[in-house]
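Novice: Questions regarding the structure given below will be posed in turn.
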Amino acid sequence: MTLSNTPAASPLGKPASYVSRYDPSLLFPIPRQAKRDELGLQGTLPFFGVDIWNAYEVSWLNLRGKPEIAIVTFTVPADSANIIESKSFKLYLNSFNQTRLADTDALTELLRKDASAGVGAPVQVEVRRQPEFSALRMQEMDGLLLDRLDIDIAEDAYQPDASLLATQAGATVEETLVSHLLKSNCLVTGQPDWGSVQIHYVGQPIDQEGLLRYLIGFRDHNEFHEQCVERIFIDLMRQCRPQKLAVYARYTRRGGLDINPWRSNFSTGQAPSNFRHARQ
């Protein structure tokens, strides 16, 4: 990874001028591999998955100059070479504000082409116009709520500690566990990122108090959303050795964008739902 592609070189934490006419050069890709190296991930990944981006502040002009609005969903494959730094994505989307386009298909094609070029893999793009907004649903994650547990947290326990993850003796189980207490911080600016996380697994029962303490441990941890989810997945695989594992996090939006990474080592033939949570 060259210095020009590091998070420190991105627009994060720096003054930026908004460009109101289409400019794909605003997109800032960051290679995934550097953080995966920290996790010891080389070669074939132990998971597949997607990052689901929802953009709520997308607008452009039709050919007569009248503004149009939409909510756009981008589905980025987890095996793409890069992520797109989120502030640069916001700046890119705002470059459509005074751009005249023939129709929604023209917008979709530009978004697909530019996002795919940025991440280095095909990106799926779905554009929903205002008449479709009423059909969008809200729904919270299914699963047993870890947050019900009454636990004490030490003052120095707000970094993820994989040693907290353990299994209990017992028959193999299949269960889904959920916490809404996930908080991590931007890798560059330190700004808080708030999220909910769902863990579905098959294996020996995971100690729930240890898992909740582990998840709360991200509270002072600085990483991008995608990197946090991959860290959770790898730590669970190494410490608890489940036969099947899927980790899905939905983060609250910032700058009109929410980012929702999903990683799994088994397939049900279905992608994760993209229902918006109350906090999103």
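Ordered as shown in the structure tokens, chains take letters A, B, and onward, while each chain numbers its residues from 1 and ligands are numbered from 1 in the order shown.
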Compile a residue-level contact table for segment 173-266 of chain A against segment 55-75 of chain A at a cut-off of 7 Å, reporting for every qualifying residue the shortest atom pair and its distance in Å to one decimal, with only C-alpha atoms counted, rows ordered by chain and ascending number, as a Markdown table.
Specialist:
| residue | atom | partner | partner_atom | distance |
| --- | --- | --- | --- | --- |
| A:Gly256 | CA | A:Tyr56 | CA | 5.2 |
| A:Leu257 | CA | A:Ala55 | CA | 4.7 |
| A:Asp258 | CA | A:Ala55 | CA | 6.9 |
Novice: Which of segment 6-185 of chain A end up as strand (DSSP E or B) when DSSP is run on this backbone - answer as number ranges by chain?
Specialist: A: 29-31, 48-61, 67-77, 82-84, 100, 124-129, 138, 144-145, 167, 173-185
Novice: With C-alpha atoms retained, export the selected residues as a short mmCIF file (atom, residue, chain, number, x, y, z; two decimals), in the first residue's frame.
Specialist:
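Generated output (part_9.cif):
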data_model
loop_
_atom_site.label_atom_id
_atom_site.label_comp_id
_atom_site.auth_asym_id
_atom_site.auth_seq_id
_atom_site.Cartn_x
_atom_site.Cartn_y
_atom_site.Cartn_z
CA PRO A 29 -9.96 3.84 -2.18
CA ILE A 30 -8.13 2.25 0.76
CA PRO A 31 -6.74 -1.30 0.33
CA PHE A 48 -17.30 -14.23 2.27
CA GLY A 49 -19.74 -11.38 2.55
CA VAL A 50 -20.72 -7.87 1.56
CA ASP A 51 -20.68 -4.30 2.79
CA ILE A 52 -24.11 -2.69 2.34
CA TRP A 53 -23.97 1.09 1.98
CA ASN A 54 -27.19 3.12 2.11
CA ALA A 55 -26.96 6.69 0.84
CA TYR A 56 -29.87 8.88 1.92
CA GLU A 57 -28.69 12.21 0.50
CA VAL A 58 -28.51 11.63 -3.26
CA SER A 59 -29.75 14.32 -5.62
CA TRP A 60 -29.18 15.38 -9.23
CA LEU A 61 -30.89 17.43 -11.94
CA PRO A 67 -33.88 18.40 -8.89
CA GLU A 68 -34.43 14.68 -8.35
CA ILE A 69 -33.85 12.73 -5.14
CA ALA A 70 -33.29 9.07 -4.31
CA ILE A 71 -32.06 6.62 -1.69
CA VAL A 72 -29.29 4.48 -3.13
CA THR A 73 -27.99 1.11 -1.88
CA PHE A 74 -24.50 -0.06 -2.81
CA THR A 75 -23.57 -3.71 -2.21
CA VAL A 76 -19.78 -4.16 -2.15
CA PRO A 77 -18.27 -7.68 -2.14
CA ASN A 82 -10.47 -1.82 -1.53
CA ILE A 83 -12.97 -0.04 0.61
CA ILE A 84 -13.98 3.53 -0.19
CA ARG A 100 -27.91 17.03 -15.32
CA GLN A 124 -24.46 -3.71 -7.15
CA VAL A 125 -26.41 -0.44 -7.14
CA GLU A 126 -30.12 -0.01 -6.41
CA VAL A 127 -31.70 3.42 -6.81
CA ARG A 128 -35.06 4.04 -5.13
CA ARG A 129 -36.99 7.13 -6.17
CA MET A 138 -37.75 -0.75 9.45
CA LEU A 144 -31.20 -13.24 21.95
CA LEU A 145 -30.27 -9.85 23.41
CA THR A 167 -17.23 -21.65 24.99
CA VAL A 173 -26.18 -25.33 19.53
CA GLU A 174 -27.37 -23.03 16.80
CA GLU A 175 -28.22 -19.60 18.08
CA THR A 176 -28.29 -15.92 17.20
CA LEU A 177 -27.01 -13.31 19.64
CA VAL A 178 -27.52 -9.56 19.32
CA SER A 179 -26.08 -6.47 20.98
CA HIS A 180 -26.87 -2.81 20.39
CA LEU A 181 -23.90 -1.66 22.50
CA LEU A 182 -21.29 -1.78 19.76
CA LYS A 183 -19.31 1.45 19.52
CA SER A 184 -16.03 1.89 17.74
CA ASN A 185 -14.22 4.99 16.55
#
Novice: Between A:Arg213, A:Arg253, A:His225, A:Arg276, which one has atoms that come closest to Ile153 of chain A, using only C-alpha atoms?
Specialist: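 Counting only C-alpha atoms, the residue closest to Ile153 of chain A is A:Arg213.
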Novice: Work out how far apart atom CA of Asp156 of chain A and atom CA of Arg219 of chain A are and give it in Å to one decimal.
Specialist: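 So the answer is 10.9 Å.
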Novice: Kindly indicate which residue among A:Asp161, A:Asp147, A:Glu230, A:Asp235 lies nearest to Ser264 of chain A, using only C-alpha atoms for the distances.
Specialist: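 Between A:Asp161, A:Asp147, A:Glu230, A:Asp235, the residue approaching Ser264 of chain A most closely is A:Glu230.
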Novice: Pick the closest to Ile216 of chain A from A:Cys240, A:Ala271, A:Leu110, A:Ala154: which is it, counting only C-alpha atoms?
Specialist: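 Of the candidates, the smallest distance to Ile216 of chain A is held by A:Ala154.
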